[in-house]
Amino acid sequence: MNERSVIDPRWRVVDIVVVAALGVAFGVVFWQWNVLWGAVFTGAVNPLAYLVSGVWLMPAVLGALIIRKPGAALAAEVIAAAVSALFGSLWGIDAILSGAIQGAGAEIVFAATLYRSFGLPTALLAGAGAAVGEWLHDMPVYYPATAFEVQLAYGLFMLISGVLVAGLGSWLLVRALAQSGVLAPFPSGREQR
């Protein structure tokens, strides 16, 4: 399996359709995840709540692993956040800014490899990058008065969730989708055969 390949940066119609479909699907997931998260974790400061935040980071990693084009991580995450906001996110329109920063965190990792590495280590790092984006956004916006040590605890749990849920989870999902044949039009699908 060649997970370090030269990628054509030009977007095809199928790339645009799939990144949009991923974004919309995850926007619906976000909408429901927001409801569950809000019901379970409302109240006192709870860094452990962020052990499940990787779900919000998945479109960025998954989009880039499938599409393998510059901007795929950012586009998938922003579309998902926008759909979530349209459905009535707990965080309102700020969900879109949050999504942009999280998507940029993952995008930076793929850009650092010149969009040539899409294996497990890169997926894990992209999940971590999205989590760093989440932390950079959430701490000044939602927890500015929280002690820095607690903010660091939030960051640690975001990082764990970003690596395991968004990074590893997306990588495993791409492998499963590729083996089903649904990713045949993409390098990510052809490499699995």
# chains A, B, ... in the order shown; residues from 1 in each chain; ligands from 1
>>> select_by_dssp(residues="range 22-174 of chain A", states="alpha helix (DSSP H)", output="ChimeraX atom specification")
/A:22-41,58-67,72-87,94-112,120-142,148-161,169-174
>>> residues_around(residues="range 49-58 of chain A", least_positions_apart="4", cutoff="9 Å", atoms="only C-alpha atoms", output="JSON, numbers by chain")
{"A": [26, 29, 30, 33, 37, 40, 41, 45, 62, 63, 77, 80, 81, 99, 102, 103, 106, 127, 130, 131, 134, 154, 155, 156, 157, 158, 159, 160, 161, 162, 163, 164, 165, 166, 167, 169, 170]}
>>> write_last_selection(atoms="C-alpha atoms", output="mmCIF file, in the first residue's frame")
data_model
loop_
_atom_site.group_PDB
_atom_site.id
_atom_site.type_symbol
_atom_site.label_atom_id
_atom_site.label_comp_id
_atom_site.auth_asym_id
_atom_site.auth_seq_id
_atom_site.Cartn_x
_atom_site.Cartn_y
_atom_site.Cartn_z
ATOM 1 C CA PHE A 26 -21.267 15.164 9.864
ATOM 2 C CA VAL A 29 -24.090 14.047 13.430
ATOM 3 C CA PHE A 30 -22.816 17.218 15.133
ATOM 4 C CA TRP A 33 -23.928 15.033 19.253
ATOM 5 C CA TRP A 37 -23.107 16.404 24.895
ATOM 6 C CA VAL A 40 -24.611 14.981 29.741
ATOM 7 C CA PHE A 41 -21.969 17.634 30.393
ATOM 8 C CA VAL A 45 -16.244 22.815 34.568
ATOM 9 C CA LEU A 62 -11.698 11.993 7.214
ATOM 10 C CA GLY A 63 -12.190 14.513 4.409
ATOM 11 C CA GLU A 77 -14.986 20.679 8.804
ATOM 12 C CA ALA A 80 -20.133 20.248 8.931
ATOM 13 C CA ALA A 81 -19.976 23.161 11.377
ATOM 14 C CA GLY A 99 -14.934 24.458 12.691
ATOM 15 C CA GLN A 102 -10.246 22.962 13.889
ATOM 16 C CA GLY A 103 -10.166 22.238 10.158
ATOM 17 C CA ALA A 106 -5.742 19.325 10.571
ATOM 18 C CA GLY A 127 -6.372 14.599 14.726
ATOM 19 C CA ALA A 130 -7.510 19.644 14.907
ATOM 20 C CA ALA A 131 -7.538 19.266 18.708
ATOM 21 C CA GLU A 134 -10.167 23.287 19.180
ATOM 22 C CA TYR A 154 -9.016 20.483 28.723
ATOM 23 C CA GLY A 155 -6.250 20.534 26.125
ATOM 24 C CA LEU A 156 -4.909 17.145 27.187
ATOM 25 C CA PHE A 157 -8.340 15.528 26.902
ATOM 26 C CA MET A 158 -8.975 17.259 23.562
ATOM 27 C CA LEU A 159 -5.632 15.929 22.328
ATOM 28 C CA ILE A 160 -6.373 12.360 23.450
ATOM 29 C CA SER A 161 -9.787 12.463 21.789
ATOM 30 C CA GLY A 162 -8.419 14.121 18.658
ATOM 31 C CA VAL A 163 -5.756 11.452 18.218
ATOM 32 C CA LEU A 164 -7.947 8.453 19.058
ATOM 33 C CA VAL A 165 -11.410 9.424 17.813
ATOM 34 C CA ALA A 166 -10.625 11.781 14.927
ATOM 35 C CA GLY A 167 -7.219 10.418 13.897
ATOM 36 C CA GLY A 169 -11.191 6.556 13.981
ATOM 37 C CA SER A 170 -11.011 8.318 10.598
#
>>> closest_residue(among="A:Leu36, A:Ile67, A:Glu191, A:Leu173", to="Val18 in chain A", atoms="only C-alpha atoms")
A:Ile67
>>> atom_distance(atom1="CA of Arg175 in chain A", atom2="CA of Phe118 in chain A")
11.5 Å
>>> residues_around(residues="Trp11 in chain A", least_positions_apart="3", cutoff="10 Å", atoms="only C-alpha atoms", output="VMD selection string")
chain A and resid 8 14 to 16 67 to 72
>>> write_last_selection(atoms="C-alpha atoms", output="CSV table (one decimal), in the first residue's frame")
chain,number,residue,atom,x,y,z
A,8,ASP,CA,-3.0,16.1,-8.2
A,14,VAL,CA,-16.6,14.0,-7.5
A,15,ASP,CA,-14.2,15.5,-4.9
A,16,ILE,CA,-16.4,18.5,-4.4
A,67,ILE,CA,-10.2,13.4,-0.9
A,68,ARG,CA,-6.4,14.0,-0.6
A,69,LYS,CA,-6.5,17.6,-2.0
A,70,PRO,CA,-5.4,20.9,-0.5
A,71,GLY,CA,-8.3,22.4,1.4
A,72,ALA,CA,-10.3,19.1,1.9
>>> closest_residue(among="A:Val17, A:Met139, A:Val83, A:Val174", to="Ile66 in chain A", atoms="only C-alpha atoms")
A:Val174
>>> closest_residue(among="A:Leu168, A:Gly189, A:Ala153, A:Leu22", to="Leu48 in chain A", atoms="only C-alpha atoms")
A:Ala153
>>> residues_around(residues="Ser89 in chain A", least_positions_apart="6", cutoff="8 Å", atoms="only C-alpha atoms", output="PyMOL selection string")
chain A and resi 31+34+95
>>> residues_around(residues="Asp94 in chain A", least_positions_apart="5", cutoff="12 Å", atoms="only C-alpha atoms", output="PDB file with C-alpha atoms, in the first residue's frame")
ATOM      1  CA  VAL A  78     -16.453  24.085   7.905  1.00  0.00           C
ATOM      2  CA  ALA A  81     -19.976  23.161  11.377  1.00  0.00           C
ATOM      3  CA  ALA A  82     -22.194  25.323   9.148  1.00  0.00           C
ATOM      4  CA  SER A  84     -24.721  22.089  12.595  1.00  0.00           C
ATOM      5  CA  ALA A  85     -25.189  25.842  13.126  1.00  0.00           C
ATOM      6  CA  LEU A  86     -28.125  25.903  10.693  1.00  0.00           C
ATOM      7  CA  GLY A  88     -29.394  25.046  15.871  1.00  0.00           C
ATOM      8  CA  SER A  89     -26.031  24.290  17.422  1.00  0.00           C
ATOM      9  CA  GLY A  99     -14.934  24.458  12.691  1.00  0.00           C
ATOM     10  CA  ALA A 100     -12.665  26.666  10.608  1.00  0.00           C
ATOM     11  CA  ILE A 101      -9.970  26.711  13.276  1.00  0.00           C
ATOM     12  CA  HIS A 137     -10.572  28.481  19.945  1.00  0.00           C
ATOM     13  CA  ASP A 138     -12.408  27.212  23.008  1.00  0.00           C
ATOM     14  CA  VAL A 141     -14.012  32.018  23.924  1.00  0.00           C
ATOM     15  CA  TYR A 142     -15.632  29.709  26.500  1.00  0.00           C
TER      16      TYR A 142
END
>>> decode(residues="range 26-139 of chain A", atoms="C-alpha atoms", output="mmCIF file, in the first residue's frame")
data_model
loop_
_atom_site.group_PDB
_atom_site.id
_atom_site.type_symbol
_atom_site.label_atom_id
_atom_site.label_comp_id
_atom_site.auth_asym_id
_atom_site.auth_seq_id
_atom_site.Cartn_x
_atom_site.Cartn_y
_atom_site.Cartn_z
ATOM 1 C CA PHE A 26 -21.267 15.164 9.864
ATOM 2 C CA GLY A 27 -23.258 18.369 10.327
ATOM 3 C CA VAL A 28 -26.263 16.209 11.154
ATOM 4 C CA VAL A 29 -24.090 14.047 13.430
ATOM 5 C CA PHE A 30 -22.816 17.218 15.133
ATOM 6 C CA TRP A 31 -26.356 18.484 15.642
ATOM 7 C CA GLN A 32 -27.299 15.291 17.483
ATOM 8 C CA TRP A 33 -23.928 15.033 19.253
ATOM 9 C CA ASN A 34 -24.398 18.603 20.516
ATOM 10 C CA VAL A 35 -27.736 17.631 22.063
ATOM 11 C CA LEU A 36 -26.259 14.571 23.772
ATOM 12 C CA TRP A 37 -23.107 16.404 24.895
ATOM 13 C CA GLY A 38 -25.121 19.333 26.261
ATOM 14 C CA ALA A 39 -27.426 17.041 28.218
ATOM 15 C CA VAL A 40 -24.611 14.981 29.741
ATOM 16 C CA PHE A 41 -21.969 17.634 30.393
ATOM 17 C CA THR A 42 -23.935 20.765 31.304
ATOM 18 C CA GLY A 43 -22.905 22.347 34.578
ATOM 19 C CA ALA A 44 -19.579 22.609 36.352
ATOM 20 C CA VAL A 45 -16.244 22.815 34.568
ATOM 21 C CA ASN A 46 -15.481 19.279 33.430
ATOM 22 C CA PRO A 47 -12.330 18.665 31.364
ATOM 23 C CA LEU A 48 -13.317 14.983 31.014
ATOM 24 C CA ALA A 49 -16.160 16.092 28.746
ATOM 25 C CA TYR A 50 -13.553 16.683 26.075
ATOM 26 C CA LEU A 51 -12.628 12.994 25.924
ATOM 27 C CA VAL A 52 -15.501 12.721 23.443
ATOM 28 C CA SER A 53 -14.815 15.930 21.511
ATOM 29 C CA GLY A 54 -12.973 14.065 18.761
ATOM 30 C CA VAL A 55 -16.325 13.457 17.074
ATOM 31 C CA TRP A 56 -16.375 17.169 16.203
ATOM 32 C CA LEU A 57 -12.909 16.863 14.639
ATOM 33 C CA MET A 58 -13.542 13.841 12.420
ATOM 34 C CA PRO A 59 -14.708 15.545 9.202
ATOM 35 C CA ALA A 60 -11.396 17.373 8.847
ATOM 36 C CA VAL A 61 -9.294 14.227 9.116
ATOM 37 C CA LEU A 62 -11.698 11.993 7.214
ATOM 38 C CA GLY A 63 -12.190 14.513 4.409
ATOM 39 C CA ALA A 64 -8.456 14.870 3.839
ATOM 40 C CA LEU A 65 -7.797 11.118 4.049
ATOM 41 C CA ILE A 66 -10.446 10.444 1.400
ATOM 42 C CA ILE A 67 -10.174 13.444 -0.941
ATOM 43 C CA ARG A 68 -6.395 14.045 -0.627
ATOM 44 C CA LYS A 69 -6.531 17.572 -1.985
ATOM 45 C CA PRO A 70 -5.388 20.861 -0.474
ATOM 46 C CA GLY A 71 -8.300 22.364 1.430
ATOM 47 C CA ALA A 72 -10.268 19.116 1.935
ATOM 48 C CA ALA A 73 -9.782 19.060 5.716
ATOM 49 C CA LEU A 74 -10.845 22.674 6.091
ATOM 50 C CA ALA A 75 -13.781 22.378 3.687
ATOM 51 C CA ALA A 76 -15.241 19.235 5.290
ATOM 52 C CA GLU A 77 -14.986 20.679 8.804
ATOM 53 C CA VAL A 78 -16.453 24.085 7.905
ATOM 54 C CA ILE A 79 -19.365 22.546 5.989
ATOM 55 C CA ALA A 80 -20.133 20.248 8.931
ATOM 56 C CA ALA A 81 -19.976 23.161 11.377
ATOM 57 C CA ALA A 82 -22.194 25.323 9.148
ATOM 58 C CA VAL A 83 -24.828 22.594 8.828
ATOM 59 C CA SER A 84 -24.721 22.089 12.595
ATOM 60 C CA ALA A 85 -25.189 25.842 13.126
ATOM 61 C CA LEU A 86 -28.125 25.903 10.693
ATOM 62 C CA PHE A 87 -29.814 23.112 12.642
ATOM 63 C CA GLY A 88 -29.394 25.046 15.871
ATOM 64 C CA SER A 89 -26.031 24.290 17.422
ATOM 65 C CA LEU A 90 -25.618 24.939 21.150
ATOM 66 C CA TRP A 91 -22.863 27.373 20.172
ATOM 67 C CA GLY A 92 -24.757 29.241 17.473
ATOM 68 C CA ILE A 93 -22.844 30.820 14.627
ATOM 69 C CA ASP A 94 -19.584 30.456 16.573
ATOM 70 C CA ALA A 95 -19.677 26.773 15.568
ATOM 71 C CA ILE A 96 -18.535 27.872 12.106
ATOM 72 C CA LEU A 97 -15.511 29.766 13.439
ATOM 73 C CA SER A 98 -14.683 26.812 15.668
ATOM 74 C CA GLY A 99 -14.934 24.458 12.691
ATOM 75 C CA ALA A 100 -12.665 26.666 10.608
ATOM 76 C CA ILE A 101 -9.970 26.711 13.276
ATOM 77 C CA GLN A 102 -10.246 22.962 13.889
ATOM 78 C CA GLY A 103 -10.166 22.238 10.158
ATOM 79 C CA ALA A 104 -7.145 24.497 9.770
ATOM 80 C CA GLY A 105 -5.353 22.559 12.521
ATOM 81 C CA ALA A 106 -5.742 19.325 10.571
ATOM 82 C CA GLU A 107 -5.047 21.025 7.232
ATOM 83 C CA ILE A 108 -1.686 22.296 8.485
ATOM 84 C CA VAL A 109 -0.572 18.730 9.208
ATOM 85 C CA PHE A 110 -1.452 17.501 5.707
ATOM 86 C CA ALA A 111 0.144 20.609 4.179
ATOM 87 C CA ALA A 112 3.347 19.927 6.157
ATOM 88 C CA THR A 113 3.590 16.595 4.295
ATOM 89 C CA LEU A 114 2.924 18.445 1.013
ATOM 90 C CA TYR A 115 -0.266 16.359 0.776
ATOM 91 C CA ARG A 116 1.787 13.218 0.156
ATOM 92 C CA SER A 117 1.331 11.278 3.383
ATOM 93 C CA PHE A 118 -2.011 9.787 4.374
ATOM 94 C CA GLY A 119 -1.046 6.889 6.584
ATOM 95 C CA LEU A 120 -1.815 6.272 10.231
ATOM 96 C CA PRO A 121 0.913 8.546 11.669
ATOM 97 C CA THR A 122 -0.321 11.482 9.579
ATOM 98 C CA ALA A 123 -3.953 10.771 10.503
ATOM 99 C CA LEU A 124 -3.043 10.737 14.205
ATOM 100 C CA LEU A 125 -1.111 14.000 13.858
ATOM 101 C CA ALA A 126 -3.986 15.592 11.922
ATOM 102 C CA GLY A 127 -6.372 14.599 14.726
ATOM 103 C CA ALA A 128 -3.945 16.217 17.163
ATOM 104 C CA GLY A 129 -3.724 19.316 14.961
ATOM 105 C CA ALA A 130 -7.510 19.644 14.907
ATOM 106 C CA ALA A 131 -7.538 19.266 18.708
ATOM 107 C CA VAL A 132 -4.982 22.048 19.061
ATOM 108 C CA GLY A 133 -7.267 24.210 16.918
ATOM 109 C CA GLU A 134 -10.167 23.287 19.180
ATOM 110 C CA TRP A 135 -8.176 24.284 22.270
ATOM 111 C CA LEU A 136 -6.979 27.559 20.718
ATOM 112 C CA HIS A 137 -10.572 28.481 19.945
ATOM 113 C CA ASP A 138 -12.408 27.212 23.008
ATOM 114 C CA MET A 139 -10.176 28.446 25.815
#
